[in-house]
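Report on one structure; see the data block that follows.
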Amino acid sequence: MEPRDLATRLPDEPRCVDLRGLLLSGRCRVFPEWPQEGEGFVVRSNDFPYAAVAGTPTAAAVRAAVEGADAAATAWAGEGSEGEWHVLVPPEAADAVHAVLPVEWSRRGVVIHALAGDVPTAGEAPDGAEIRLAPQGYTAAGFDLSHLPSPLATEYAGEHVSRRPLAAAFVDGRAAAFCYAPISTESLWDVAVDTLAPYRRRGLAAACYRALAAHLAAERGLAPVWGALTENRASLRLAGKLGFEPVAELTSIVLKTTR
């Protein structure tokens with residue numbers, strides 16, 4: 001059974017965008033490798049430090065899926081920075097999954113948002129910025145991101161990220177903010193935004209989101225999904241400003257490491 005075959009067991013809904021997107025991409029491992037109909041399973045990303053859970057998997061499947069998670073999280077962290085490895089779990093399975101993991105793993109809430117209205121138009125760039133679109137990824141577009149700090153540099157250096165649709169805000173010729181689609185399904189895409197510290201509170205990430213959302217809606221008919229940890233107030237506020245509304249909740253079980 002191929003990962004894509006498992007995606008047919010799950011609805012194409014915002015709460016499943018990470019899980020189905022991983023399966024459809026094929027860039028993942030499934031535990032157990034051949035889950036039976038109705039059996040819970042874990043999908044581990046080959047590109048990002050996280051896994052996603054369907055149903056309630058066995059203890060053996062959970063342990064196998066997170067093997068080496070501490071090393072993977074550390075590899076993503078910059079010098080002296082904290083790395084994180086997440087397991088996204090439906091709330092009804094959170095107790096069972098968390099009970100299998102060592103005590104270092106902690107639980108956080110995740111709010112999944114869908115766009116309440118129409119997909120926005122690209123709009124105007126903020127003063128002093130230029131929004132550039134890279135439909136085939138920033139490598140193909142020739143964007144220079146060598147100035148990014150860790151762990152952002154690690155994330156964007158990955159082959160998978162470098163080929164995903166992306167919009168970037170350039171200030172004085174330098175990329176300062178980004179929005180890209182790390183995961184997508186037949187009708188949805190997961191929004192990822194980043195802004196370098198000196199350029200925050202200027203509307204750059206929002207402008208990047210609008211440009212990429214307009215492009216993906218027009219070219220592929222995709223609607224955006226916004227996920228945010230409940231503790232990330234800035235992300236929750238931005239989601240509201242951009243017209244998103246909460247539609248589901250997940251639990252993220254997190255391992256933190258320091259490099």
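Here's how to read the names in the structure tokens: chain A, B, ... by the order shown, residue numbers from 1 in each chain, ligand numbers from 1 in the order shown.
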Would you list the contacts of A:Leu23 as a CSV table (one decimal) with N, CA and C atoms, in the first residue's frame, taking every protein, DNA or RNA residue within 12 Å and counting only C-alpha atoms, but skipping same-chain residues closer than 6 positions in sequence?
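Result written to selection20.csv:
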chain,number,residue,atom,x,y,z
A,1,MET,N,0.8,-1.2,0.0
A,1,MET,CA,0.0,0.0,0.0
A,1,MET,C,0.9,1.2,0.0
A,2,GLU,N,0.6,2.2,-0.9
A,2,GLU,CA,1.3,3.4,-1.0
A,2,GLU,C,0.7,4.4,0.0
A,3,PRO,N,1.5,5.4,0.5
A,3,PRO,CA,0.9,6.4,1.4
A,3,PRO,C,-0.3,7.1,0.7
A,4,ARG,N,-0.3,7.4,-0.6
A,4,ARG,CA,-1.4,8.1,-1.2
A,4,ARG,C,-2.7,7.3,-1.1
A,5,ASP,N,-2.6,6.0,-1.0
A,5,ASP,CA,-3.8,5.1,-0.9
A,5,ASP,C,-4.5,5.4,0.5
A,6,LEU,N,-3.6,5.6,1.5
A,6,LEU,CA,-4.2,5.9,2.9
A,6,LEU,C,-4.9,7.2,2.9
A,7,ALA,N,-4.5,8.1,2.1
A,7,ALA,CA,-5.2,9.5,2.1
A,7,ALA,C,-6.7,9.3,1.8
A,8,THR,N,-7.1,8.3,1.0
A,8,THR,CA,-8.5,8.2,0.7
A,8,THR,C,-9.3,7.8,1.9
A,9,ARG,N,-8.7,7.4,3.0
A,9,ARG,CA,-9.5,7.1,4.2
A,9,ARG,C,-9.8,8.3,5.0
A,10,LEU,N,-9.3,9.5,4.6
A,10,LEU,CA,-9.4,10.7,5.4
A,10,LEU,C,-10.1,11.8,4.6
A,12,ASP,N,-10.9,15.4,3.1
A,12,ASP,CA,-10.1,16.6,2.7
A,12,ASP,C,-10.7,17.8,3.4
A,16,CYS,N,-7.4,17.9,8.7
A,16,CYS,CA,-6.6,16.8,8.2
A,16,CYS,C,-5.5,17.2,7.2
A,17,VAL,N,-5.3,18.5,7.1
A,17,VAL,CA,-4.5,19.0,6.0
A,17,VAL,C,-3.0,18.5,6.1
A,29,ARG,N,6.9,8.4,6.1
A,29,ARG,CA,6.8,7.0,6.5
A,29,ARG,C,5.6,6.7,7.3
A,30,VAL,N,5.0,5.6,7.2
A,30,VAL,CA,3.8,5.2,7.9
A,30,VAL,C,4.1,4.1,8.9
A,41,PHE,N,-2.9,5.0,12.8
A,41,PHE,CA,-1.5,5.0,12.3
A,41,PHE,C,-0.9,6.3,12.5
A,42,VAL,N,0.4,6.4,12.3
A,42,VAL,CA,1.2,7.6,12.5
A,42,VAL,C,2.0,7.8,11.2
A,43,VAL,N,2.0,9.1,10.7
A,43,VAL,CA,2.7,9.4,9.5
A,43,VAL,C,3.8,10.4,9.9
A,44,ARG,N,5.1,10.0,9.6
A,44,ARG,CA,6.2,10.8,9.9
A,44,ARG,C,6.8,11.5,8.7
A,45,SER,N,7.0,12.8,8.8
A,45,SER,CA,7.5,13.6,7.6
A,45,SER,C,9.0,13.2,7.4
A,46,ASN,N,9.3,13.2,6.1
A,46,ASN,CA,10.7,13.0,5.8
A,46,ASN,C,11.5,14.4,5.8
A,51,ALA,N,5.3,14.5,13.1
A,51,ALA,CA,4.5,13.4,12.6
A,51,ALA,C,3.0,13.8,12.9
A,52,ALA,N,2.1,13.1,12.2
A,52,ALA,CA,0.7,13.3,12.4
A,52,ALA,C,0.0,12.0,12.6
A,53,VAL,N,-1.0,12.0,13.4
A,53,VAL,CA,-1.7,10.7,13.8
A,53,VAL,C,-3.1,10.7,13.3
A,54,ALA,N,-3.5,9.5,12.8
A,54,ALA,CA,-4.9,9.2,12.4
A,54,ALA,C,-5.4,8.1,13.4
A,183,ILE,N,2.6,22.1,2.7
A,183,ILE,CA,1.8,20.9,2.5
A,183,ILE,C,0.6,21.3,1.7
A,184,SER,N,0.1,20.5,0.8
A,184,SER,CA,-1.2,20.8,0.1
A,184,SER,C,-1.9,19.5,-0.1
A,185,THR,N,-3.2,19.6,-0.3
A,185,THR,CA,-4.1,18.4,-0.7
A,185,THR,C,-4.8,18.8,-2.0
A,186,GLU,N,-5.8,18.1,-2.3
A,186,GLU,CA,-6.6,18.4,-3.5
A,186,GLU,C,-7.2,19.7,-3.5
Margin query: Give me, as a PyMOL selection string, the residues of stretch 87-250 of chain A that a backbone DSSP run labels helix (DSSP H, G or I).
Written below: chain A and resi 91-100+138-141+152-157+159-162+197-199+204-220+233-241
Next item on the list: Show which residues sit within 12 Å of A:Tyr156, as a ChimeraX atom specification. Count only C-alpha atoms, and ignore same-chain residues fewer than 3 positions away.
Entry: /A:47-48,76,137-139,143-153,159-164,166,178-182,192-194
Restricting the output to N, CA and C atoms, write the selected residues as an mmCIF file, in the first residue's frame.
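Contents of out_33.cif, freshly written:
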data_model
loop_
_atom_site.group_PDB
_atom_site.id
_atom_site.type_symbol
_atom_site.label_atom_id
_atom_site.label_comp_id
_atom_site.auth_asym_id
_atom_site.auth_seq_id
_atom_site.Cartn_x
_atom_site.Cartn_y
_atom_site.Cartn_z
ATOM 1 N N ASP A 47 10.714 15.455 5.769
ATOM 2 C CA ASP A 47 11.311 16.773 5.556
ATOM 3 C C ASP A 47 11.250 17.698 6.760
ATOM 4 N N PHE A 48 10.290 17.515 7.622
ATOM 5 C CA PHE A 48 10.072 18.415 8.751
ATOM 6 C C PHE A 48 10.051 17.614 10.051
ATOM 7 N N TRP A 76 17.613 20.647 13.677
ATOM 8 C CA TRP A 76 16.911 21.834 13.192
ATOM 9 C C TRP A 76 17.267 23.082 13.993
ATOM 10 N N GLY A 137 9.087 27.537 -6.447
ATOM 11 C CA GLY A 137 10.046 27.533 -5.354
ATOM 12 C C GLY A 137 11.117 28.589 -5.518
ATOM 13 N N TYR A 138 11.747 28.946 -4.417
ATOM 14 C CA TYR A 138 12.688 30.064 -4.457
ATOM 15 C C TYR A 138 13.969 29.733 -5.203
ATOM 16 N N THR A 139 14.352 28.464 -5.278
ATOM 17 C CA THR A 139 15.560 28.105 -6.020
ATOM 18 C C THR A 139 15.385 28.409 -7.497
ATOM 19 N N PHE A 143 16.044 33.294 -5.800
ATOM 20 C CA PHE A 143 16.098 34.094 -4.574
ATOM 21 C C PHE A 143 17.327 33.705 -3.756
ATOM 22 N N ASP A 144 18.016 34.689 -3.226
ATOM 23 C CA ASP A 144 19.168 34.458 -2.352
ATOM 24 C C ASP A 144 18.699 34.517 -0.903
ATOM 25 N N LEU A 145 18.709 33.360 -0.223
ATOM 26 C CA LEU A 145 18.290 33.301 1.177
ATOM 27 C C LEU A 145 19.451 32.918 2.088
ATOM 28 N N SER A 146 20.665 33.187 1.641
ATOM 29 C CA SER A 146 21.844 32.784 2.407
ATOM 30 C C SER A 146 21.989 33.558 3.711
ATOM 31 N N HIS A 147 21.229 34.650 3.872
ATOM 32 C CA HIS A 147 21.346 35.466 5.078
ATOM 33 C C HIS A 147 20.432 35.010 6.204
ATOM 34 N N LEU A 148 19.624 33.977 5.993
ATOM 35 C CA LEU A 148 18.667 33.568 7.012
ATOM 36 C C LEU A 148 19.384 33.001 8.237
ATOM 37 N N PRO A 149 18.899 33.328 9.431
ATOM 38 C CA PRO A 149 19.494 32.774 10.655
ATOM 39 C C PRO A 149 18.966 31.359 10.914
ATOM 40 N N SER A 150 19.682 30.599 11.741
ATOM 41 C CA SER A 150 19.182 29.307 12.202
ATOM 42 C C SER A 150 18.100 29.556 13.257
ATOM 43 N N PRO A 151 17.067 28.669 13.378
ATOM 44 C CA PRO A 151 16.871 27.446 12.585
ATOM 45 C C PRO A 151 16.127 27.677 11.268
ATOM 46 N N LEU A 152 15.808 28.937 10.963
ATOM 47 C CA LEU A 152 15.092 29.228 9.722
ATOM 48 C C LEU A 152 15.907 28.795 8.508
ATOM 49 N N ALA A 153 17.211 28.980 8.582
ATOM 50 C CA ALA A 153 18.071 28.591 7.463
ATOM 51 C C ALA A 153 17.977 27.094 7.192
ATOM 52 N N GLU A 159 15.478 20.595 0.482
ATOM 53 C CA GLU A 159 15.081 20.483 -0.922
ATOM 54 C C GLU A 159 13.579 20.617 -1.085
ATOM 55 N N HIS A 160 12.819 20.048 -0.150
ATOM 56 C CA HIS A 160 11.367 20.096 -0.258
ATOM 57 C C HIS A 160 10.857 21.530 -0.187
ATOM 58 N N VAL A 161 11.341 22.303 0.780
ATOM 59 C CA VAL A 161 10.900 23.691 0.929
ATOM 60 C C VAL A 161 11.337 24.528 -0.263
ATOM 61 N N SER A 162 12.535 24.303 -0.734
ATOM 62 C CA SER A 162 13.068 25.136 -1.811
ATOM 63 C C SER A 162 12.279 25.011 -3.108
ATOM 64 N N ARG A 163 11.454 23.965 -3.220
ATOM 65 C CA ARG A 163 10.676 23.749 -4.436
ATOM 66 C C ARG A 163 9.183 24.019 -4.253
ATOM 67 N N ARG A 164 8.790 24.463 -3.082
ATOM 68 C CA ARG A 164 7.373 24.716 -2.825
ATOM 69 C C ARG A 164 7.005 26.136 -3.247
ATOM 70 N N LEU A 166 6.093 29.856 -3.130
ATOM 71 C CA LEU A 166 6.524 30.791 -2.092
ATOM 72 C C LEU A 166 6.341 32.226 -2.565
ATOM 73 N N PHE A 178 8.351 35.890 4.387
ATOM 74 C CA PHE A 178 8.028 34.806 3.479
ATOM 75 C C PHE A 178 6.662 34.213 3.808
ATOM 76 N N CYS A 179 6.039 33.651 2.803
ATOM 77 C CA CYS A 179 4.902 32.755 2.982
ATOM 78 C C CYS A 179 5.090 31.622 1.981
ATOM 79 N N TYR A 180 4.963 30.395 2.449
ATOM 80 C CA TYR A 180 5.056 29.276 1.517
ATOM 81 C C TYR A 180 4.057 28.196 1.901
ATOM 82 N N ALA A 181 3.897 27.221 1.003
ATOM 83 C CA ALA A 181 2.937 26.135 1.188
ATOM 84 C C ALA A 181 3.698 24.831 1.420
ATOM 85 N N PRO A 182 3.986 24.485 2.678
ATOM 86 C CA PRO A 182 4.750 23.264 2.930
ATOM 87 C C PRO A 182 3.980 21.996 2.582
ATOM 88 N N ALA A 192 2.429 28.719 5.889
ATOM 89 C CA ALA A 192 3.612 28.910 6.733
ATOM 90 C C ALA A 192 4.162 30.308 6.457
ATOM 91 N N VAL A 193 4.314 31.125 7.503
ATOM 92 C CA VAL A 193 4.839 32.482 7.334
ATOM 93 C C VAL A 193 6.000 32.717 8.296
ATOM 94 N N ASP A 194 6.940 33.530 7.863
ATOM 95 C CA ASP A 194 8.097 33.917 8.679
ATOM 96 C C ASP A 194 8.496 35.339 8.319
#
Item checked: Those of stretch 50-184 of chain A in DSSP strand (DSSP E), formatted as a ChimeraX atom specification -> /A:50-54,82-89,106-115,129-134,166-171,174-180
Next item on the list: Write out as a list of chain:residue names each polymer residue whose atoms come within 7 Å of A:Ala167, counting only C-alpha atoms; drop sequence neighbours fewer than 5 positions from it.
Entry: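 Result of the neighbour search: A:Ile131, A:Arg132, A:Leu133, A:Ala134, A:Phe178, A:Cys179, A:Tyr180, A:Cys208, A:Ala211, A:Leu212.
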Next item on the list: Rank nothing, just name the residue among A:His113, A:Lys256, A:His98, A:Arg210 nearest to A:Ala125, using only C-alpha atoms.
Entry: A:Arg210
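When the distance limit is 7 Å and only C-alpha atoms are what count, the residues near stretch 244-249 of chain A, minus those fewer than 6 positions from it on the same chain, are Arg15, Val110, Val111, Ile112, His113, Ala114, Leu115 and Ala116 of chain A.
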Next item on the list: Within 10 Å of A:Ala177, counting only C-alpha atoms, which residues show up once you throw out same-chain ones fewer than 6 positions away? Write them as a PyMOL selection string, please.
Entry: chain A and resi 129+131+167-171+193-197+199-200+203-209
Checklist line | Counting only C-alpha atoms, the residue of A:Pro135, A:Thr154, A:Gly128, A:Thr58 that sits nearest A:Ala72 | finding: A:Thr154
Notebook entry, point to check: Residues at most 7 Å from stretch 87-93 of chain A, counting only C-alpha atoms, excluding those fewer than 3 positions away in the same chain, as a list of chain:residue names?
Noted result: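 So, after excluding close chain neighbours, the residues are A:Tyr50, A:Ala51, A:Ala52, A:Val53, A:Gly55, A:Thr56, A:Ala96, A:Val97, A:Leu250, A:Thr251, A:Ser252, A:Ile253, A:Val254.
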Check: Using only C-alpha atoms, which of the listed residues (A:Trp189, A:Leu222, A:Ser25, A:His86) sits closest to A:Gly109?
Finding: A:His86
